[in-house]
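Read through the structure below, which is laid out as structure tokens, and then see the notes.
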Amino acid sequence: MNRNTLGRTGIEVSALCLGTMTFGTQTSAEDSHAQIDRALEAGIDFLDTAEMYPVNPVRPETTGKSEEIIGDWIAKSGRRDEVVVATKHSGAGFKGARDGAPISGETIPGAIEGSLKRLKTDHIDLYQFHWPNRGSYMFRQNWRYAPWEQDREATRQHMEDALGALSREVERGTIRAFGLSNESAWGTAEWLRLAEAGHGPRVATVQNEYSLMCRLYDTDMAELSVNEDVGLLPFSPLAAGLLTGKYQGGEVPDGSRMTFVDTLGGRKGARAFEAVDAYLEVAREYGLDPVHMALAWTVQRPFVASSIFGATTLAQLEHVIAGKDLVLSDDVMGALDRAHKAHPMPY
């Protein structure tokens, strides 16, 4: 499997990343540990989690459980130096951490200490802000996000304060690199500008939704990524399972995400299913597994550092591993672009 560097940090990771947001709800601790072992065996050494995980559904009482499960694996296996661990600081509105307080220079040290304790480690390789204080275009909020309502100077002051706190954590050795999530081009550029002005660590990565069904990143964010060495870590590269085809024809498999979140976070709809049909047709035409095709497409995008997939079961992980080295031909990539042009913005 290919390996890529996270921004300018020198930290190398596998081109696929094991997402852990179901660890502790849909995926038991025992199965979670088996997944980490199997992922490592297959060359996948990058783990992504967050203090607010697990999800499906999000509950305050399960906050941090996914980190705890990873921490138990680290303690039991003694293999901390074999994995790159990324986690996230929850932001404004999430009542499961700090009663919904926004990210700030004051909350960062305590949030990091909490994650370190749960992860049973002395450092976090990539520490990410889960979403901006000012709001985001992500999660179908692009239809109503109003950047003209922002207080620009307050946002910049927040960024400076946060970078100062992160800088102190880097000096302490608790974090190695800094990343963003659910960010915009302007926001990422501003974090970069302030870092270059000496306020703190440079942004290494951005974790935004990206898949054949959600290609917002292809516009201004892609240009920023390639010119500023800020790698994308796509989440939901299978469009919350839509691109597997398992939900076509009204099917809802037992234990699937749609049994817990009926709308798939706003992704479910007639236009989405029509788009999936188009992508499944490409897979059939070229004799490809749709899961392998969708993941390979993200990995081959020039600005992607590592594509984050989730596997509820070990069998699903094995399915992904079977296609981990797939390289799509130019003909397939062209067919996928044509399907996208025919079905833009399906949700």
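By convention in this document, the chains of the structure tokens carry letters A, B, ... by their order, each chain's residues are numbered from 1, and ligands are numbered from 1 in the order they are shown.
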Sorted by chain and rising residue number, list the residues of region 167-217 of chain A at most 12 Å from region 137-161 of chain A (counting only C-alpha atoms), each with its closest atom pair and distance in Å to one decimal, as a Markdown table.
```
| residue | atom | partner | partner_atom | distance |
| --- | --- | --- | --- | --- |
| A:Ser167 | CA | A:Asp161 | CA | 9.9 |
| A:Arg168 | CA | A:Asp161 | CA | 11.0 |
| A:Leu180 | CA | A:Met159 | CA | 11.8 |
| A:Ser181 | CA | A:Met138 | CA | 9.4 |
| A:Asn182 | CA | A:Met138 | CA | 5.7 |
| A:Glu183 | CA | A:Tyr137 | CA | 7.6 |
| A:Ser184 | CA | A:Tyr137 | CA | 7.2 |
| A:Ala185 | CA | A:Tyr137 | CA | 10.6 |
| A:Trp186 | CA | A:Pro147 | CA | 10.2 |
| A:Gly187 | CA | A:Thr155 | CA | 9.3 |
| A:Thr188 | CA | A:Met159 | CA | 10.7 |
| A:Ala189 | CA | A:Arg156 | CA | 11.6 |
| A:Glu190 | CA | A:Arg156 | CA | 7.9 |
| A:Trp191 | CA | A:Met159 | CA | 6.8 |
| A:Leu192 | CA | A:Met159 | CA | 10.2 |
| A:Arg193 | CA | A:Glu160 | CA | 10.4 |
| A:Leu194 | CA | A:Glu160 | CA | 6.9 |
| A:Ala195 | CA | A:Glu160 | CA | 8.5 |
| A:Glu196 | CA | A:Glu160 | CA | 11.5 |
| A:Ala197 | CA | A:Glu160 | CA | 9.9 |
| A:Gly198 | CA | A:Glu160 | CA | 9.5 |
| A:His199 | CA | A:Glu160 | CA | 6.0 |
| A:Gly200 | CA | A:Glu160 | CA | 7.8 |
| A:Pro201 | CA | A:Glu160 | CA | 10.7 |
| A:Arg202 | CA | A:Met159 | CA | 11.9 |
| A:Val203 | CA | A:Met159 | CA | 11.8 |
| A:Gln207 | CA | A:Met138 | CA | 10.6 |
| A:Asn208 | CA | A:Met138 | CA | 7.4 |
| A:Glu209 | CA | A:Met138 | CA | 7.2 |
| A:Tyr210 | CA | A:Met138 | CA | 10.2 |
| A:Cys214 | CA | A:Arg140 | CA | 10.1 |
| A:Arg215 | CA | A:Met138 | CA | 11.3 |
| A:Leu216 | CA | A:Met138 | CA | 9.1 |
| A:Tyr217 | CA | A:Met138 | CA | 10.3 |
```
How about saving the chosen residues, N, CA, C and O atoms kept, as a tab-separated table (two decimals), in the first residue's frame?
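Ended up saving to again_39.tsv:
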```tsv
chain	number	residue	atom	x	y	z
A	167	SER	N	0.98	25.37	20.47
A	167	SER	CA	2.43	25.49	20.47
A	167	SER	C	3.01	25.01	21.80
A	167	SER	O	4.03	24.30	21.83
A	168	ARG	N	2.35	25.36	22.87
A	168	ARG	CA	2.82	24.91	24.19
A	168	ARG	C	2.70	23.39	24.33
A	168	ARG	O	3.55	22.75	24.97
A	180	LEU	N	-7.06	20.23	10.94
A	180	LEU	CA	-8.40	20.79	10.99
A	180	LEU	C	-9.41	19.77	10.50
A	180	LEU	O	-9.06	18.75	9.93
A	181	SER	N	-10.68	20.04	10.72
A	181	SER	CA	-11.74	19.18	10.22
A	181	SER	C	-12.96	20.04	9.93
A	181	SER	O	-13.23	21.01	10.65
A	182	ASN	N	-13.66	19.70	8.86
A	182	ASN	CA	-14.86	20.45	8.46
A	182	ASN	C	-14.56	21.93	8.25
A	182	ASN	O	-15.34	22.80	8.61
A	183	GLU	N	-13.41	22.20	7.65
A	183	GLU	CA	-12.95	23.58	7.45
A	183	GLU	C	-13.16	24.05	6.02
A	183	GLU	O	-13.38	23.26	5.09
A	184	SER	N	-13.07	25.37	5.85
A	184	SER	CA	-13.22	26.01	4.54
A	184	SER	C	-11.86	26.46	4.03
A	184	SER	O	-10.84	26.42	4.73
A	185	ALA	N	-11.84	26.95	2.78
A	185	ALA	CA	-10.61	27.45	2.20
A	185	ALA	C	-10.12	28.69	2.96
A	185	ALA	O	-8.93	28.81	3.27
A	186	TRP	N	-11.02	29.62	3.24
A	186	TRP	CA	-10.60	30.82	3.95
A	186	TRP	C	-10.08	30.46	5.34
A	186	TRP	O	-9.02	30.95	5.77
A	187	GLY	N	-10.80	29.60	6.05
A	187	GLY	CA	-10.38	29.23	7.40
A	187	GLY	C	-9.02	28.58	7.40
A	187	GLY	O	-8.14	28.92	8.20
A	188	THR	N	-8.80	27.63	6.50
A	188	THR	CA	-7.52	26.94	6.44
A	188	THR	C	-6.40	27.92	6.09
A	188	THR	O	-5.32	27.89	6.69
A	189	ALA	N	-6.66	28.80	5.13
A	189	ALA	CA	-5.65	29.78	4.74
A	189	ALA	C	-5.31	30.72	5.89
A	189	ALA	O	-4.15	31.11	6.07
A	190	GLU	N	-6.31	31.05	6.69
A	190	GLU	CA	-6.05	31.95	7.82
A	190	GLU	C	-5.22	31.25	8.90
A	190	GLU	O	-4.29	31.84	9.47
A	191	TRP	N	-5.55	29.98	9.18
A	191	TRP	CA	-4.71	29.22	10.12
A	191	TRP	C	-3.27	29.16	9.62
A	191	TRP	O	-2.31	29.31	10.41
A	192	LEU	N	-3.09	28.95	8.33
A	192	LEU	CA	-1.74	28.90	7.76
A	192	LEU	C	-1.03	30.24	7.88
A	192	LEU	O	0.16	30.30	8.24
A	193	ARG	N	-1.75	31.29	7.58
A	193	ARG	CA	-1.14	32.63	7.65
A	193	ARG	C	-0.66	32.95	9.05
A	193	ARG	O	0.45	33.47	9.25
A	194	LEU	N	-1.49	32.63	10.03
A	194	LEU	CA	-1.13	32.94	11.42
A	194	LEU	C	0.02	32.06	11.90
A	194	LEU	O	0.86	32.49	12.69
A	195	ALA	N	0.08	30.84	11.42
A	195	ALA	CA	1.20	29.98	11.77
A	195	ALA	C	2.49	30.54	11.18
A	195	ALA	O	3.55	30.57	11.85
A	196	GLU	N	2.43	30.98	9.94
A	196	GLU	CA	3.61	31.55	9.30
A	196	GLU	C	4.05	32.84	9.97
A	196	GLU	O	5.23	33.21	9.93
A	197	ALA	N	3.11	33.51	10.64
A	197	ALA	CA	3.44	34.72	11.39
A	197	ALA	C	4.02	34.40	12.76
A	197	ALA	O	4.34	35.32	13.53
A	198	GLY	N	4.14	33.11	13.07
A	198	GLY	CA	4.80	32.72	14.31
A	198	GLY	C	3.89	32.42	15.48
A	198	GLY	O	4.36	32.28	16.61
A	199	HIS	N	2.59	32.27	15.24
A	199	HIS	CA	1.66	32.06	16.35
A	199	HIS	C	1.56	30.61	16.82
A	199	HIS	O	1.02	30.35	17.90
A	200	GLY	N	2.03	29.64	16.00
A	200	GLY	CA	1.92	28.25	16.42
A	200	GLY	C	2.14	27.29	15.28
A	200	GLY	O	2.60	27.68	14.20
A	201	PRO	N	1.82	26.01	15.48
A	201	PRO	CA	2.12	24.98	14.47
A	201	PRO	C	1.31	25.15	13.19
A	201	PRO	O	0.18	25.62	13.20
A	202	ARG	N	1.92	24.73	12.09
A	202	ARG	CA	1.31	24.81	10.77
A	202	ARG	C	0.28	23.70	10.59
A	202	ARG	O	0.50	22.57	11.00
A	203	VAL	N	-0.82	24.01	9.96
A	203	VAL	CA	-1.82	23.00	9.66
A	203	VAL	C	-1.22	21.94	8.73
A	203	VAL	O	-0.63	22.28	7.70
A	207	GLN	N	-9.58	17.31	7.56
A	207	GLN	CA	-10.46	16.16	7.46
A	207	GLN	C	-11.87	16.65	7.12
A	207	GLN	O	-12.59	17.13	7.99
A	208	ASN	N	-12.22	16.56	5.85
A	208	ASN	CA	-13.54	16.96	5.37
A	208	ASN	C	-14.21	15.78	4.69
A	208	ASN	O	-13.54	14.85	4.24
A	209	GLU	N	-15.53	15.83	4.57
A	209	GLU	CA	-16.23	14.79	3.84
A	209	GLU	C	-15.83	14.85	2.37
A	209	GLU	O	-15.78	15.93	1.77
A	210	TYR	N	-15.56	13.67	1.80
A	210	TYR	CA	-15.17	13.62	0.39
A	210	TYR	C	-15.42	12.23	-0.15
A	210	TYR	O	-14.97	11.23	0.43
A	214	CYS	N	-19.84	13.38	-2.79
A	214	CYS	CA	-19.65	14.68	-2.12
A	214	CYS	C	-18.31	15.24	-2.53
A	214	CYS	O	-17.28	14.89	-1.95
A	215	ARG	N	-18.32	16.11	-3.55
A	215	ARG	CA	-17.07	16.59	-4.13
A	215	ARG	C	-16.88	18.09	-3.96
A	215	ARG	O	-16.24	18.76	-4.78
A	216	LEU	N	-17.38	18.63	-2.86
A	216	LEU	CA	-17.17	20.05	-2.58
A	216	LEU	C	-15.69	20.39	-2.51
A	216	LEU	O	-15.27	21.50	-2.87
A	217	TYR	N	-14.87	19.46	-2.05
A	217	TYR	CA	-13.44	19.73	-1.87
A	217	TYR	C	-12.73	19.97	-3.20
A	217	TYR	O	-11.64	20.56	-3.23
```
Polymer residues at most 6 Å from region 43-45 of chain A, only C-alpha atoms, same-chain spacing of 3 or more positions, as JSON, numbers by chain = {"A": [14, 39, 40, 83]}
Keeping N, CA, C and O atoms for every residue in the selection just given, could you write it to a file as an mmCIF file, in the first residue's frame?
```
data_model
loop_
_atom_site.group_PDB
_atom_site.id
_atom_site.type_symbol
_atom_site.label_atom_id
_atom_site.label_comp_id
_atom_site.auth_asym_id
_atom_site.auth_seq_id
_atom_site.Cartn_x
_atom_site.Cartn_y
_atom_site.Cartn_z
ATOM 1 N N SER A 14 -0.230 5.207 6.164
ATOM 2 C CA SER A 14 -0.782 4.407 5.073
ATOM 3 C C SER A 14 -1.830 5.209 4.321
ATOM 4 O O SER A 14 -2.468 6.113 4.870
ATOM 5 N N ALA A 39 -5.839 -4.649 10.646
ATOM 6 C CA ALA A 39 -5.438 -3.500 9.835
ATOM 7 C C ALA A 39 -3.915 -3.390 9.788
ATOM 8 O O ALA A 39 -3.321 -3.197 8.717
ATOM 9 N N LEU A 40 -3.271 -3.520 10.938
ATOM 10 C CA LEU A 40 -1.813 -3.456 10.977
ATOM 11 C C LEU A 40 -1.184 -4.558 10.137
ATOM 12 O O LEU A 40 -0.205 -4.339 9.426
ATOM 13 N N VAL A 83 1.620 2.477 15.395
ATOM 14 C CA VAL A 83 0.434 3.158 14.865
ATOM 15 C C VAL A 83 0.593 4.672 14.949
ATOM 16 O O VAL A 83 1.276 5.197 15.831
#
```
Residue with smallest distance to Ser211 (chain A) - pool A:Phe94, A:Trp297, A:Phe273, A:Phe129, counting only C-alpha atoms |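 Among the listed residues, the smallest separation from Ser211 (chain A) belongs to A:Trp297.
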Region 51-268 of chain A: which residues are alpha helix (DSSP H) by DSSP, as an NGL selection string?
-> :A and (65-77 or 107-119 or 152-172 or 185-196 or 220-228 or 257-260)
Give one line per residue of region 7-89 of chain A that approaches region 238-257 of chain A to at most 10 Å, naming the two atoms of the closest pair and their distance in Å to one decimal, counting only C-alpha atoms; sort by chain then ascending residue number and deliver it as CSV.
```
residue,atom,partner,partner_atom,distance
A:Thr22,CA,A:Arg257,CA,9.7
A:Gln26,CA,A:Gly255,CA,7.5
A:Val55,CA,A:Arg257,CA,9.9
A:Asn56,CA,A:Arg257,CA,6.9
A:Pro57,CA,A:Arg257,CA,9.3
```
Put those residues in a file: N, CA, C and O atoms, as a short mmCIF file (atom, residue, chain, number, x, y, z; two decimals), in the first residue's frame.
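Saved as result31.cif:
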```
data_model
loop_
_atom_site.label_atom_id
_atom_site.label_comp_id
_atom_site.auth_asym_id
_atom_site.auth_seq_id
_atom_site.Cartn_x
_atom_site.Cartn_y
_atom_site.Cartn_z
N THR A 22 -17.39 3.85 15.27
CA THR A 22 -18.36 2.87 15.78
C THR A 22 -17.81 2.04 16.92
O THR A 22 -18.53 1.22 17.50
N GLN A 26 -21.66 0.16 17.74
CA GLN A 26 -21.90 -0.93 16.79
C GLN A 26 -20.79 -1.98 16.80
O GLN A 26 -21.02 -3.12 16.41
N VAL A 55 -20.31 7.19 17.69
CA VAL A 55 -21.55 7.82 17.21
C VAL A 55 -22.53 6.73 16.81
O VAL A 55 -22.30 5.55 17.03
N ASN A 56 -23.61 7.15 16.17
CA ASN A 56 -24.70 6.24 15.73
C ASN A 56 -25.34 5.51 16.92
O ASN A 56 -25.30 4.28 16.97
N PRO A 57 -25.97 6.22 17.81
CA PRO A 57 -26.12 7.67 17.84
C PRO A 57 -25.04 8.33 18.71
O PRO A 57 -24.31 7.64 19.43
#
```
Mind the document's chain letters and residue numbers, and return as a PyMOL selection string the residues of region 10-169 of chain A that DSSP labels strand (DSSP E or B).
-> chain A and resi 12-14+16-19+23+27+46-48+84-89+124-129
Would you mind exporting N, CA and C atoms of the selected residues as a compact mmCIF listing (two decimals), in the first residue's frame?
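Here's the written file result_5.txt:
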```txt
# COMPACT_ATOMS: atom_id res chain seq x y z
N GLU A 12 4.69 9.79 8.34
CA GLU A 12 4.20 8.96 7.24
C GLU A 12 3.07 8.06 7.70
N VAL A 13 2.07 7.91 6.84
CA VAL A 13 0.92 7.08 7.15
C VAL A 13 0.53 6.26 5.93
N SER A 14 -0.23 5.21 6.16
CA SER A 14 -0.78 4.41 5.07
C SER A 14 -1.83 5.21 4.32
N LEU A 16 -4.67 4.34 3.42
CA LEU A 16 -5.97 4.11 4.02
C LEU A 16 -5.84 4.25 5.53
N CYS A 17 -6.88 4.79 6.14
CA CYS A 17 -6.90 5.04 7.59
C CYS A 17 -8.12 4.35 8.17
N LEU A 18 -7.92 3.64 9.28
CA LEU A 18 -9.04 2.97 9.94
C LEU A 18 -9.77 3.96 10.84
N GLY A 19 -11.01 4.29 10.46
CA GLY A 19 -11.85 5.14 11.29
C GLY A 19 -12.51 4.33 12.39
N PHE A 23 -16.54 2.24 17.26
CA PHE A 23 -15.94 1.48 18.36
C PHE A 23 -16.63 1.86 19.68
N THR A 27 -19.61 -1.59 17.22
CA THR A 27 -18.46 -2.50 17.25
C THR A 27 -17.98 -2.67 18.68
N PHE A 46 -2.69 3.76 10.39
CA PHE A 46 -3.22 5.08 10.76
C PHE A 46 -4.61 4.88 11.36
N LEU A 47 -4.82 5.38 12.60
CA LEU A 47 -6.10 5.27 13.29
C LEU A 47 -6.65 6.67 13.53
N ASP A 48 -7.92 6.86 13.20
CA ASP A 48 -8.56 8.15 13.44
C ASP A 48 -9.70 7.98 14.43
N VAL A 84 -0.02 5.34 14.01
CA VAL A 84 -0.16 6.80 14.03
C VAL A 84 -1.59 7.09 14.48
N VAL A 85 -1.73 7.82 15.57
CA VAL A 85 -3.05 8.05 16.18
C VAL A 85 -3.47 9.51 16.01
N ALA A 86 -4.65 9.69 15.43
CA ALA A 86 -5.24 11.03 15.29
C ALA A 86 -6.51 11.08 16.11
N THR A 87 -6.72 12.18 16.81
CA THR A 87 -7.98 12.39 17.52
C THR A 87 -8.39 13.84 17.38
N LYS A 88 -9.53 14.19 17.99
CA LYS A 88 -10.10 15.51 17.74
C LYS A 88 -10.66 16.14 19.01
N HIS A 89 -10.59 17.46 19.05
CA HIS A 89 -11.17 18.30 20.09
C HIS A 89 -12.56 18.71 19.63
N ILE A 124 -0.12 12.42 21.17
CA ILE A 124 -1.08 12.27 20.06
C ILE A 124 -0.34 12.70 18.80
N ASP A 125 -0.38 11.86 17.77
CA ASP A 125 0.37 12.17 16.56
C ASP A 125 -0.24 13.32 15.77
N LEU A 126 -1.56 13.31 15.63
CA LEU A 126 -2.25 14.37 14.89
C LEU A 126 -3.45 14.82 15.71
N TYR A 127 -3.42 16.07 16.16
CA TYR A 127 -4.51 16.60 16.97
C TYR A 127 -5.33 17.56 16.13
N GLN A 128 -6.62 17.27 15.98
CA GLN A 128 -7.48 18.01 15.06
C GLN A 128 -8.61 18.74 15.80
N PHE A 129 -9.02 19.86 15.26
CA PHE A 129 -10.22 20.55 15.73
C PHE A 129 -11.40 20.01 14.93
```
Looking at only C-alpha atoms, which of A:Lys324, A:His343, A:Arg3, A:Lys65 is the one that sits closest to Ala278 (chain A)?
-> A:His343
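In terms of minimum interatomic distance to Gly96 (chain A), A:Val58 ranks closest within A:Ala111, A:Met1, A:Val58, A:Ala75, counting only C-alpha atoms.
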Could you work out how far CA of Ile321 (chain A) lies from CA of Ala42 (chain A), giving the answer in Å with one decimal?
->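 Going from CA of Ala42 (chain A) over to CA of Ile321 (chain A) covers 6.8 Å.
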Excluding Pro346 (chain A) and any residue of its chain fewer than 2 positions from it, enumerate the residues within 8 Å of it, using only C-alpha atoms, and give them as a list of chain:residue names.
-> A:Met213, A:Cys214, A:Arg271, A:Ala272, A:Ala275, A:His343, A:Pro344
Distance in Å - CA of Trp73 (chain A) versus CA of Ser28 (chain A) |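 Separating CA of Trp73 (chain A) from CA of Ser28 (chain A) is a distance of 12.5 Å.
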Nearest candidate to Glu68 (chain A) (options A:Asp331, A:Glu285, A:Glu51, A:Asp325; using only C-alpha atoms) |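 Comparing A:Asp331, A:Glu285, A:Glu51, A:Asp325 against Glu68 (chain A), the winner is A:Glu51.
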In Å, with one decimal, what is the gap from CA of Lys120 (chain A) to CA of Thr107 (chain A)?
->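 So the two atoms, CA of Lys120 (chain A) and CA of Thr107 (chain A), lie 20.0 Å apart.
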